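Student: Next comes the structure file work13.cif, holding mmCIF, C-alpha atoms.
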data_final
#
loop_
_atom_site.label_atom_id
_atom_site.label_comp_id
_atom_site.auth_asym_id
_atom_site.auth_seq_id
_atom_site.Cartn_x
_atom_site.Cartn_y
_atom_site.Cartn_z
CA MET A 1212 10.38 -19.44 33.05
CA SER A 1213 9.08 -19.69 29.52
CA VAL A 1214 5.43 -20.11 28.66
CA SER A 1215 3.88 -22.24 25.95
CA SER A 1216 3.34 -21.02 22.39
CA GLN A 1217 -0.43 -21.21 22.82
CA SER A 1218 -0.25 -19.19 26.01
CA ASN A 1219 1.75 -16.48 24.27
CA SER A 1220 -0.82 -16.16 21.47
CA GLU A 1221 -3.56 -15.92 24.07
CA LEU A 1222 -1.57 -13.41 26.09
CA ILE A 1223 -1.02 -11.19 23.06
CA ALA A 1224 -4.69 -11.47 22.10
CA ALA A 1225 -5.63 -10.44 25.65
CA TYR A 1226 -3.21 -7.50 25.45
CA LEU A 1227 -4.71 -6.33 22.14
CA ASP A 1228 -8.23 -6.71 23.54
CA ALA A 1229 -7.23 -4.55 26.53
CA VAL A 1230 -5.81 -1.91 24.17
CA MET A 1231 -9.07 -1.93 22.20
CA ARG A 1232 -11.03 -1.44 25.46
CA LYS A 1233 -8.67 1.46 26.35
CA ASP A 1234 -7.90 -0.35 29.60
CA ALA A 1235 -5.80 2.05 31.66
CA SER A 1236 -4.03 -0.81 33.44
CA VAL A 1237 -2.60 -2.27 30.23
CA VAL A 1238 1.00 -1.15 30.88
CA GLU A 1239 1.17 -2.57 34.41
CA ARG A 1240 -0.62 -5.79 33.47
CA PHE A 1241 1.22 -6.73 30.29
CA PHE A 1242 4.66 -5.08 30.25
CA ALA A 1243 7.74 -6.03 32.25
CA PRO A 1244 9.23 -3.20 34.34
CA GLU A 1245 12.30 -3.10 32.07
CA VAL A 1246 10.34 -3.33 28.78
CA GLU A 1247 12.02 -2.11 25.59
CA TYR A 1248 9.21 -0.43 23.65
CA MET A 1249 10.05 0.67 20.10
CA VAL A 1250 7.68 2.67 17.92
CA ASN A 1251 8.82 2.36 14.30
CA GLY A 1252 12.50 3.20 14.72
CA THR A 1253 14.96 5.53 16.34
CA ALA A 1254 16.47 8.78 15.09
CA ALA A 1255 19.48 8.18 17.37
CA PRO A 1256 22.24 6.14 15.70
CA ASP A 1257 22.45 2.55 16.94
CA PRO A 1258 26.11 1.41 16.98
CA ALA A 1259 25.01 -2.22 16.71
CA GLU A 1260 22.85 -1.40 13.64
CA VAL A 1261 19.96 -3.46 14.96
CA LEU A 1262 17.40 -0.77 15.74
CA PRO A 1263 15.69 0.53 12.58
CA PRO A 1264 16.78 4.08 11.77
CA ILE A 1265 14.22 6.76 11.03
CA SER A 1266 15.08 10.13 9.56
CA ALA A 1267 15.18 13.32 11.58
CA GLU A 1268 12.35 14.63 9.37
CA CYS A 1269 10.15 11.66 10.22
CA HIS A 1270 10.88 12.06 13.93
CA ALA A 1271 10.17 15.79 13.76
CA ALA A 1272 6.79 15.13 12.15
CA LEU A 1273 5.83 12.37 14.58
CA PRO A 1274 7.85 13.11 17.74
CA TRP A 1275 6.44 10.23 19.77
CA LEU A 1276 8.30 7.72 17.58
CA GLY A 1277 11.39 6.07 19.00
CA LEU A 1278 12.64 3.81 21.74
CA HIS A 1279 11.01 3.98 25.19
CA ARG A 1280 12.56 1.97 28.04
CA GLY A 1281 10.56 0.98 31.10
CA ARG A 1282 6.90 1.19 32.09
CA GLU A 1283 6.99 4.89 33.00
CA ALA A 1284 8.47 5.78 29.62
CA VAL A 1285 5.74 3.73 27.92
CA LYS A 1286 3.08 5.59 29.92
CA ASP A 1287 4.68 8.91 28.92
CA PHE A 1288 4.67 7.81 25.28
CA LEU A 1289 1.00 6.79 25.42
CA ALA A 1290 0.05 10.09 27.07
CA HIS A 1291 2.04 12.01 24.44
CA MET A 1292 0.40 10.08 21.62
CA HIS A 1293 -3.10 10.50 23.04
CA ARG A 1294 -2.63 14.26 23.24
CA ASN A 1295 -2.36 14.13 19.46
CA LEU A 1296 -4.54 11.31 18.23
CA GLU A 1297 -7.34 8.97 19.11
CA VAL A 1298 -7.73 5.39 17.92
CA THR A 1299 -11.41 4.99 17.13
CA ALA A 1300 -11.55 1.47 15.66
CA PHE A 1301 -9.55 -1.69 15.08
CA GLY A 1302 -9.84 -4.04 12.10
CA PRO A 1303 -9.41 -7.81 12.10
CA ARG A 1304 -6.03 -9.00 13.30
CA GLU A 1305 -3.69 -11.96 12.90
CA VAL A 1306 -1.59 -13.20 15.83
CA ILE A 1307 1.08 -15.93 15.77
CA SER A 1308 3.68 -17.04 18.29
CA GLU A 1309 6.63 -19.40 18.52
CA GLY A 1310 8.61 -19.94 21.69
CA ASN A 1311 8.95 -16.64 23.53
CA LYS A 1312 8.22 -14.53 20.43
CA ALA A 1313 4.95 -13.40 18.89
CA ALA A 1314 3.67 -11.09 16.19
CA ALA A 1315 0.41 -9.32 15.42
CA PHE A 1316 -0.78 -7.72 12.19
CA GLY A 1317 -3.89 -5.63 11.58
CA TRP A 1318 -5.14 -2.09 11.08
CA PHE A 1319 -6.54 0.69 13.23
CA ARG A 1320 -8.50 3.88 12.58
CA LEU A 1321 -6.59 7.00 13.60
CA HIS A 1322 -8.28 10.34 14.30
CA ALA A 1323 -5.80 13.21 14.23
CA LEU A 1324 -6.98 15.70 16.85
CA SER A 1325 -5.27 18.72 15.27
CA THR A 1326 -6.81 18.28 11.82
CA GLY A 1327 -9.89 16.19 12.52
CA ARG A 1328 -8.74 13.85 9.76
CA THR A 1329 -9.27 10.09 9.96
CA ALA A 1330 -7.11 7.42 8.37
CA ASP A 1331 -6.95 3.64 8.51
CA ILE A 1332 -3.38 2.55 9.24
CA SER A 1333 -1.88 -0.92 8.83
CA TYR A 1334 0.29 -1.98 11.76
CA SER A 1335 2.44 -4.89 12.83
CA ILE A 1336 3.97 -5.65 16.22
CA ARG A 1337 6.79 -7.98 17.24
CA PHE A 1338 6.79 -9.16 20.84
CA GLU A 1339 9.25 -10.95 23.10
CA LEU A 1340 7.82 -12.37 26.31
CA ARG A 1341 9.19 -13.61 29.62
CA ASP A 1342 7.18 -14.84 32.59
CA ASP A 1343 3.89 -13.82 30.93
CA LEU A 1344 5.07 -10.24 30.44
CA ILE A 1345 6.17 -8.38 27.32
CA VAL A 1346 9.88 -7.55 27.55
CA LYS A 1347 10.34 -6.31 23.97
CA TYR A 1348 7.71 -4.56 21.90
CA HIS A 1349 8.33 -3.26 18.39
CA PHE A 1350 5.49 -1.49 16.61
CA LEU A 1351 5.56 -0.65 12.90
CA GLU A 1352 2.98 1.38 11.00
CA ASN A 1353 2.76 3.26 7.73
CA THR A 1354 4.31 6.52 8.89
CA PHE A 1355 3.51 8.28 5.60
CA ASP A 1356 -0.22 7.77 6.13
CA VAL A 1357 0.08 8.78 9.79
CA ALA A 1358 1.98 11.96 8.91
CA ALA A 1359 -0.54 12.70 6.15
CA ALA A 1360 -3.36 12.59 8.71
CA PHE A 1361 -1.62 15.38 10.64
CA ARG A 1362 -0.73 17.53 7.61
CA SER A 1363 -2.38 20.87 8.19
CA ALA A 1364 -1.41 22.71 5.02
CA GLY A 1365 0.94 22.88 2.09
CA GLU A 1366 2.14 20.45 -0.51
CA TRP A 1367 4.92 17.91 -0.11
CA LEU A 1368 7.70 17.81 -2.70
CA LEU A 1369 9.34 14.40 -2.96
CA GLU A 1370 12.14 13.21 -5.25
CA THR A 1371 12.19 9.55 -6.26
CA ASP A 1372 13.45 7.77 -9.37
CA GLY A 1373 15.27 10.99 -10.25
CA THR A 1374 11.97 12.83 -10.57
CA GLN A 1375 10.20 15.30 -8.35
CA HIS A 1376 6.69 14.35 -7.27
CA ARG A 1377 4.24 16.76 -5.69
CA VAL A 1378 1.81 15.56 -3.04
CA PRO A 1379 -0.94 18.17 -3.44
CA SER A 1380 -1.94 20.45 -0.61
CA LYS A 1381 -5.44 19.00 -0.58
CA PRO A 1382 -5.51 16.16 1.97
CA VAL A 1383 -5.20 12.75 0.40
CA GLU A 1384 -8.18 10.51 1.06
CA LEU A 1385 -6.80 7.27 2.39
CA GLU A 1386 -8.49 4.02 1.56
CA LYS A 1387 -9.63 1.64 4.26
CA PRO A 1388 -7.67 -1.63 4.17
CA PRO A 1389 -9.78 -4.61 3.14
CA ALA A 1390 -11.41 -6.71 5.81
CA THR A 1391 -9.67 -10.04 6.24
CA MET B 1061 -7.43 -25.11 2.23
CA PRO B 1062 -4.92 -25.69 5.05
CA THR B 1063 -1.23 -26.15 4.41
CA ASN B 1064 0.50 -29.49 4.63
CA LEU B 1065 3.89 -27.89 5.29
CA THR B 1066 5.56 -27.94 8.67
CA PRO B 1067 6.64 -24.65 10.32
CA GLY B 1068 10.23 -25.47 9.34
CA GLN B 1069 9.24 -26.12 5.72
CA MET B 1070 7.25 -22.88 5.58
CA LYS B 1071 10.25 -20.93 6.87
CA GLU B 1072 12.54 -22.50 4.28
CA PHE B 1073 9.98 -21.76 1.55
CA VAL B 1074 9.82 -18.08 2.56
CA ARG B 1075 13.61 -17.87 2.85
CA GLN B 1076 14.00 -19.24 -0.70
CA HIS B 1077 11.23 -16.97 -2.01
CA PHE B 1078 12.97 -13.85 -0.71
CA GLU B 1079 16.32 -15.05 -2.04
CA ASP B 1080 14.90 -15.53 -5.55
CA PHE B 1081 12.36 -12.67 -5.61
CA VAL B 1082 14.61 -9.97 -4.15
CA ASN B 1083 18.28 -10.94 -4.06
CA LYS B 1084 18.40 -12.91 -7.34
CA ARG B 1085 16.11 -10.49 -9.21
CA ASN B 1086 13.69 -13.21 -10.31
CA ALA B 1087 10.34 -11.41 -10.11
CA ALA B 1088 8.55 -14.13 -12.09
CA VAL B 1089 9.11 -16.63 -9.28
CA ILE B 1090 6.07 -15.10 -7.61
CA HIS B 1091 3.87 -17.05 -10.07
CA LYS B 1092 5.44 -20.30 -8.89
CA ASN B 1093 5.39 -19.55 -5.17
CA MET B 1094 1.96 -17.93 -4.75
CA THR B 1095 -1.54 -19.28 -5.33
CA PRO B 1096 -3.29 -17.90 -8.44
CA ASP B 1097 -5.66 -15.87 -6.24
CA PHE B 1098 -2.85 -14.59 -3.97
CA TYR B 1099 -3.99 -11.51 -2.01
CA ASP B 1100 -1.55 -8.90 -0.72
CA HIS B 1101 -3.26 -6.73 1.91
CA ASP B 1102 -0.41 -4.21 1.92
CA GLY B 1103 0.88 -3.78 -1.61
CA PRO B 1104 2.46 -0.69 -3.18
CA GLY B 1105 1.14 2.55 -1.69
CA GLY B 1106 -0.50 0.62 1.12
CA LYS B 1107 -3.20 -0.66 -1.22
CA SER B 1108 -4.17 -4.27 -1.66
CA THR B 1109 -2.91 -6.00 -4.80
CA ASP B 1110 -2.36 -9.36 -6.50
CA LEU B 1111 0.46 -11.34 -8.11
CA THR B 1112 0.86 -8.91 -10.98
CA GLY B 1113 0.90 -5.86 -8.72
CA ASP B 1114 3.67 -7.28 -6.55
CA GLU B 1115 5.65 -8.48 -9.56
CA GLN B 1116 5.51 -5.01 -11.13
CA MET B 1117 6.49 -3.39 -7.83
CA MET B 1118 9.53 -5.63 -7.56
CA VAL B 1119 10.63 -4.97 -11.15
CA GLY B 1120 10.43 -1.26 -10.36
CA MET B 1121 12.56 -1.77 -7.27
CA TYR B 1122 15.23 -3.66 -9.28
CA LYS B 1123 15.52 -0.61 -11.56
CA ALA B 1124 15.45 2.02 -8.82
CA MET B 1125 17.73 0.09 -6.44
CA PRO B 1126 20.16 -1.99 -8.54
CA ASP B 1127 22.08 -3.34 -5.53
CA LEU B 1128 19.02 -3.97 -3.38
CA HIS B 1129 19.62 -6.75 -0.88
CA LEU B 1130 17.28 -8.27 1.70
CA THR B 1131 18.41 -9.92 4.91
CA ILE B 1132 16.03 -12.07 6.92
CA GLU B 1133 16.79 -11.26 10.53
CA GLU B 1134 14.24 -13.54 12.19
CA MET B 1135 11.26 -15.79 11.46
CA ILE B 1136 8.31 -16.91 13.58
CA ALA B 1137 5.97 -19.69 12.41
CA GLU B 1138 2.73 -21.10 13.74
CA GLY B 1139 -0.09 -22.99 12.05
CA ASP B 1140 -0.28 -21.88 8.43
CA LYS B 1141 1.59 -18.58 8.90
CA VAL B 1142 5.16 -17.29 8.93
CA MET B 1143 6.29 -13.86 10.11
CA CYS B 1144 9.62 -12.40 8.93
CA ARG B 1145 11.62 -9.49 10.27
CA ASN B 1146 13.64 -8.17 7.36
CA THR B 1147 16.18 -5.48 6.57
CA TRP B 1148 16.36 -4.06 3.03
CA ARG B 1149 19.58 -2.29 2.05
CA TRP B 1150 20.66 -0.44 -1.08
CA THR B 1151 22.85 2.41 -2.26
CA ASP B 1152 21.07 5.54 -3.47
CA PRO B 1153 22.32 7.52 -6.50
CA SER B 1154 24.34 9.86 -4.26
CA GLY B 1155 26.18 6.90 -2.71
CA LYS B 1156 24.33 6.89 0.60
CA MET B 1157 23.79 3.50 2.24
CA MET B 1158 20.05 3.29 2.70
CA GLN B 1159 17.84 0.82 4.51
CA PHE B 1160 14.36 0.12 5.71
CA HIS B 1161 13.06 -2.56 8.01
CA GLY B 1162 9.89 -4.56 7.68
CA PHE B 1163 7.64 -7.12 9.29
CA VAL B 1164 5.86 -9.45 6.85
CA LEU B 1165 3.25 -12.11 7.54
CA TRP B 1166 2.60 -14.89 5.01
CA ARG B 1167 -0.33 -17.34 5.05
CA PHE B 1168 0.05 -20.67 3.26
CA GLU B 1169 -2.54 -22.76 1.43
CA GLY B 1170 -1.38 -26.19 0.33
CA GLU B 1171 2.27 -25.70 -0.59
CA LYS B 1172 1.99 -22.08 -1.72
CA ILE B 1173 1.56 -18.61 -0.24
CA ALA B 1174 -1.99 -17.28 -0.41
CA GLU B 1175 -1.93 -14.03 1.61
CA ARG B 1176 0.51 -11.34 2.70
CA TRP B 1177 0.42 -8.53 5.28
CA ALA B 1178 3.35 -6.14 5.68
CA THR B 1179 4.50 -2.96 7.37
CA VAL B 1180 7.85 -1.23 6.81
CA THR B 1181 9.78 1.66 8.31
CA PRO B 1182 10.36 4.69 6.10
CA PRO B 1183 13.68 4.52 4.22
CA ALA B 1184 16.54 6.09 6.14
CA GLU B 1185 20.28 6.31 5.85
CA GLY B 1186 21.93 3.30 7.47
CA ALA B 1187 25.48 3.02 8.65
CA SER B 1188 26.82 0.04 6.78
CA TRP B 1189 26.10 -3.07 4.77
CA THR B 1190 28.77 -5.06 6.50
CA ALA B 1191 27.74 -6.76 9.67
CA THR B 1192 29.85 -5.41 12.50
CA PRO B 1193 30.78 -7.67 15.42
CA GLU B 1194 28.32 -5.67 17.55
CA ARG B 1195 25.52 -6.19 15.02
CA LYS B 1196 26.27 -9.89 14.67
CA ALA B 1197 26.19 -10.28 18.44
CA ALA B 1198 22.93 -8.38 18.70
CA GLU B 1199 21.35 -10.49 15.95
CA LYS B 1200 22.53 -13.64 17.67
CA ARG B 1201 20.87 -12.46 20.88
CA ALA B 1202 17.69 -11.68 18.93
CA SER B 1203 17.50 -15.05 17.19
#
For the file at hand, write its structure as structure tokens.

Tutor:
Amino acid sequence: MSVSSQSNSELIAAYLDAVMRKDASVVERFFAPEVEYMVNGTAAPDPAEVLPPISAECHAALPWLGLHRGREAVKDFLAHMHRNLEVTAFGPREVISEGNKAAAFGWFRLHALSTGRTADISYSIRFELRDDLIVKYHFLENTFDVAAAFRSAGEWLLETDGTQHRVPSKPVELEKPPAT
Amino acid sequence: MPTNLTPGQMKEFVRQHFEDFVNKRNAAVIHKNMTPDFYDHDGPGGKSTDLTGDEQMMVGMYKAMPDLHLTIEEMIAEGDKVMCRNTWRWTDPSGKMMQFHGFVLWRFEGEKIAERWATVTPPAEGASWTATPERKAAEKRAS
């Protein structure tokens, strides 16, 4: 059974509100038992070339990234993530839906527990819904800013445009995205 | 100001914008397609920017990624907004096939784009530019 476009926008808004309230029942209430829950991309090759690849380095820095199948895997992911970071605030968000698909865009404030550093991170989420439950969830964020929040020491040496660039060892102060 | 475009017209507008702005290397088209006070919440480096900032970013990408190609995988439209799921592919100087994926949200005013939000995956090596039967089937299921 499919639900109306308006209902899907409302459902996603209710889900995001529950996340903001840190509602512990959010997984059971909003996700289908067989949910496919993707955080950024996967370091495992996808033969169909549909799932976004992420590098081994990115996955090593942020090991909770990847594909999580089923409610229990989502709960494990959330527990893993919350051992490392706390989300202390959410900015304004935009939600749209069409048919059984929806999307949300916004930003959240991340507090890295290991460094005590705080950063405001833009995010976007793509949803697929069935019978008022989320069956596919794909979350994207700025992984550079997230990794920077967890950087404990040392400089980063990057090579782009044929030139080496040094990200200094002093933590980069990240700007808060503008209110919308 | 609300838009007077239908969801289908907004999707076609965005599809043509990406085709010109990315695949046909026409950075200046941004001045035709966006409102003069266009606001990009997620410009280069994650900072907000305007028409000029996005135009300069794109010119830089043409130089750094001469064979850059964008594929729109999916679009969602409601009200005055369109969301796109995109894949960007290019060949790096060592010959590696690279890609990143992105979600972009556009807000329309009148018949132009007035705001943009975006998030992308970090660039990573991708398997191929050519759509395999498996990939085509998966995209068909996703659309």

Student: Would you kindly identify which residues have an atom no farther than 7 Å from (3.9, -2.8, 12.7), using all atoms listed in the file and the file's own coordinates, and write them out as number ranges by chain?

Tutor: A: 1316, 1334-1336, 1350-1352; B: 1163, 1179

Student: Just the selected residues (C-alpha atoms), exported as an mmCIF file, in the frame of the given file, please.

Tutor:
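What follows is the written file part_6.cif:
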data_model
loop_
_atom_site.group_PDB
_atom_site.id
_atom_site.type_symbol
_atom_site.label_atom_id
_atom_site.label_comp_id
_atom_site.auth_asym_id
_atom_site.auth_seq_id
_atom_site.Cartn_x
_atom_site.Cartn_y
_atom_site.Cartn_z
ATOM 1 C CA PHE A 1316 -0.780 -7.720 12.190
ATOM 2 C CA TYR A 1334 0.290 -1.980 11.760
ATOM 3 C CA SER A 1335 2.440 -4.890 12.830
ATOM 4 C CA ILE A 1336 3.970 -5.650 16.220
ATOM 5 C CA PHE A 1350 5.490 -1.490 16.610
ATOM 6 C CA LEU A 1351 5.560 -0.650 12.900
ATOM 7 C CA GLU A 1352 2.980 1.380 11.000
ATOM 8 C CA PHE B 1163 7.640 -7.120 9.290
ATOM 9 C CA THR B 1179 4.500 -2.960 7.370
#

Student: What's the 10 Å shell around stretch 1230-1232 of chain A, counting only C-alpha atoms, without same-chain residues fewer than 2 positions away, as a ChimeraX atom specification?

Tutor: /A:1224-1228,1234-1238,1298-1301,1319

Student: Residues of chain A that have any atom at most 8 Å from an atom of chain B: could you tabulate them with the shortest-distance atom pair and the distance in Å to one decimal, using only C-alpha atoms, ordered by chain and increasing number, as a tab-separated table?

Tutor:
residue	atom	partner	partner_atom	distance
A:Asn1251	CA	B:Thr1181	CA	6.1
A:Gly1252	CA	B:Thr1181	CA	7.1
A:Pro1258	CA	B:Glu1194	CA	7.4
A:Ala1259	CA	B:Arg1195	CA	4.3
A:Glu1260	CA	B:Arg1195	CA	5.7
A:Val1261	CA	B:Arg1195	CA	6.2
A:Pro1263	CA	B:His1161	CA	6.1
A:Pro1264	CA	B:Ala1184	CA	6.0
A:Ile1265	CA	B:Ala1184	CA	5.5
A:Ser1266	CA	B:Ala1184	CA	5.5
A:Ile1307	CA	B:Glu1138	CA	5.8
A:Ser1308	CA	B:Glu1138	CA	6.2
A:Glu1309	CA	B:Ile1136	CA	5.8
A:Lys1312	CA	B:Ile1136	CA	7.3
A:Ala1313	CA	B:Ile1136	CA	7.2
A:Ala1314	CA	B:Met1143	CA	7.2
A:Phe1316	CA	B:Trp1177	CA	7.1
A:Ser1333	CA	B:Thr1179	CA	6.9
A:Tyr1334	CA	B:Thr1179	CA	6.2
A:Ser1335	CA	B:Thr1179	CA	6.1
A:Ile1336	CA	B:Phe1163	CA	8.0
A:Leu1351	CA	B:Thr1179	CA	6.1
A:Glu1352	CA	B:Thr1179	CA	5.9
A:Asn1353	CA	B:Thr1179	CA	6.5
A:Thr1354	CA	B:Pro1182	CA	6.9
A:Phe1355	CA	B:Pro1182	CA	7.7
A:Asp1372	CA	B:Ala1124	CA	6.1
A:Glu1386	CA	B:Lys1107	CA	7.6
A:Pro1388	CA	B:Lys1107	CA	7.1
A:Pro1389	CA	B:His1101	CA	7.0

Student: Using atom CA of A:Gly1281 and atom CA of A:Glu1247 as the two end points, give the distance in Å to one decimal.

Tutor: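 So the answer is 6.5 Å.
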
Student: Looking at all atoms listed in the file, which of A:Asp1331, A:Phe1338, A:Val1250, A:Arg1280 is the one that sits closest to A:Val1306?

Tutor: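 Under the stated criterion, the closest residue is A:Phe1338.
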
Student: Mind telling me what the PyMOL selection byres ((chain B and resi 1088) around 12) catches here, as a ChimeraX atom specification?

Tutor: /B:1077,1080-1082,1084-1087,1089-1094,1111-1119

Student: By how many Å are atom CA of A:Glu1305 and atom CA of B:Thr1095 apart?

Tutor: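 Straight-line distance from atom CA of A:Glu1305 to atom CA of B:Thr1095 works out to 19.8 Å.
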
Student: From the list B:Phe1168, B:Phe1073, B:Phe1098, B:Trp1148, which residue is nearest B:Leu1130 when using only C-alpha atoms?

Tutor: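 Between B:Phe1168, B:Phe1073, B:Phe1098, B:Trp1148, the residue approaching B:Leu1130 most closely is B:Trp1148.
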
Student: Just so the selection is clear, what residues does the PyMOL selection byres ((chain A and resi 1324-1326) around 6) cover here, as a list in words?

Tutor: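 Evaluating the PyMOL selection byres ((chain A and resi 1324-1326) around 6) on this file yields Asn1295, Leu1296, Ala1323, Gly1327 and Arg1328 of chain A.
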
Student: Could you list the residues chosen by the PyMOL selection byres ((chain A and resi 1344-1347) around 10) in this structure as a ChimeraX atom specification?

Tutor: /A:1219,1222-1223,1226,1238-1249,1280-1281,1311-1313,1337-1343,1348-1349

Student: Go ahead and write the residues just picked, C-alpha atoms, as an mmCIF file, in the coordinates of the input.

Tutor:
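Output (again-v8.cif):
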data_model
loop_
_atom_site.group_PDB
_atom_site.id
_atom_site.type_symbol
_atom_site.label_atom_id
_atom_site.label_comp_id
_atom_site.auth_asym_id
_atom_site.auth_seq_id
_atom_site.Cartn_x
_atom_site.Cartn_y
_atom_site.Cartn_z
ATOM 1 C CA ASN A 1219 1.750 -16.480 24.270
ATOM 2 C CA LEU A 1222 -1.570 -13.410 26.090
ATOM 3 C CA ILE A 1223 -1.020 -11.190 23.060
ATOM 4 C CA TYR A 1226 -3.210 -7.500 25.450
ATOM 5 C CA VAL A 1238 1.000 -1.150 30.880
ATOM 6 C CA GLU A 1239 1.170 -2.570 34.410
ATOM 7 C CA ARG A 1240 -0.620 -5.790 33.470
ATOM 8 C CA PHE A 1241 1.220 -6.730 30.290
ATOM 9 C CA PHE A 1242 4.660 -5.080 30.250
ATOM 10 C CA ALA A 1243 7.740 -6.030 32.250
ATOM 11 C CA PRO A 1244 9.230 -3.200 34.340
ATOM 12 C CA GLU A 1245 12.300 -3.100 32.070
ATOM 13 C CA VAL A 1246 10.340 -3.330 28.780
ATOM 14 C CA GLU A 1247 12.020 -2.110 25.590
ATOM 15 C CA TYR A 1248 9.210 -0.430 23.650
ATOM 16 C CA MET A 1249 10.050 0.670 20.100
ATOM 17 C CA ARG A 1280 12.560 1.970 28.040
ATOM 18 C CA GLY A 1281 10.560 0.980 31.100
ATOM 19 C CA ASN A 1311 8.950 -16.640 23.530
ATOM 20 C CA LYS A 1312 8.220 -14.530 20.430
ATOM 21 C CA ALA A 1313 4.950 -13.400 18.890
ATOM 22 C CA ARG A 1337 6.790 -7.980 17.240
ATOM 23 C CA PHE A 1338 6.790 -9.160 20.840
ATOM 24 C CA GLU A 1339 9.250 -10.950 23.100
ATOM 25 C CA LEU A 1340 7.820 -12.370 26.310
ATOM 26 C CA ARG A 1341 9.190 -13.610 29.620
ATOM 27 C CA ASP A 1342 7.180 -14.840 32.590
ATOM 28 C CA ASP A 1343 3.890 -13.820 30.930
ATOM 29 C CA TYR A 1348 7.710 -4.560 21.900
ATOM 30 C CA HIS A 1349 8.330 -3.260 18.390
#

Student: Rounded to one decimal, what separation in Å do you get between atom CA of A:His1291 and atom CA of A:Ser1220?

Tutor: 28.5 Å

Student: Compare A:Ile1332, A:Ala1254, A:Leu1289, A:Arg1282 by their minimum atom-to-atom distance to A:Cys1269, counting all atoms listed in the file, and give me the closest one.

Tutor: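 Looking at the shortest contact to A:Cys1269, the residue is A:Ala1254.
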
Student: So which one's closest to A:Arg1304, A:Pro1274, A:Glu1221, A:Ala1330, A:Gly1317? Using only C-alpha atoms, please.

Tutor: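 Ranked by minimum distance to A:Arg1304, first place goes to A:Gly1317.
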
Student: What's the 7 Å shell around B:Tyr1099, counting all atoms listed in the file, without same-chain residues fewer than 6 positions away, as a list in words?

Tutor: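 So, after excluding close chain neighbours, the residues are Thr1109, Asp1110, Ala1174, Glu1175 and Arg1176 of chain B.
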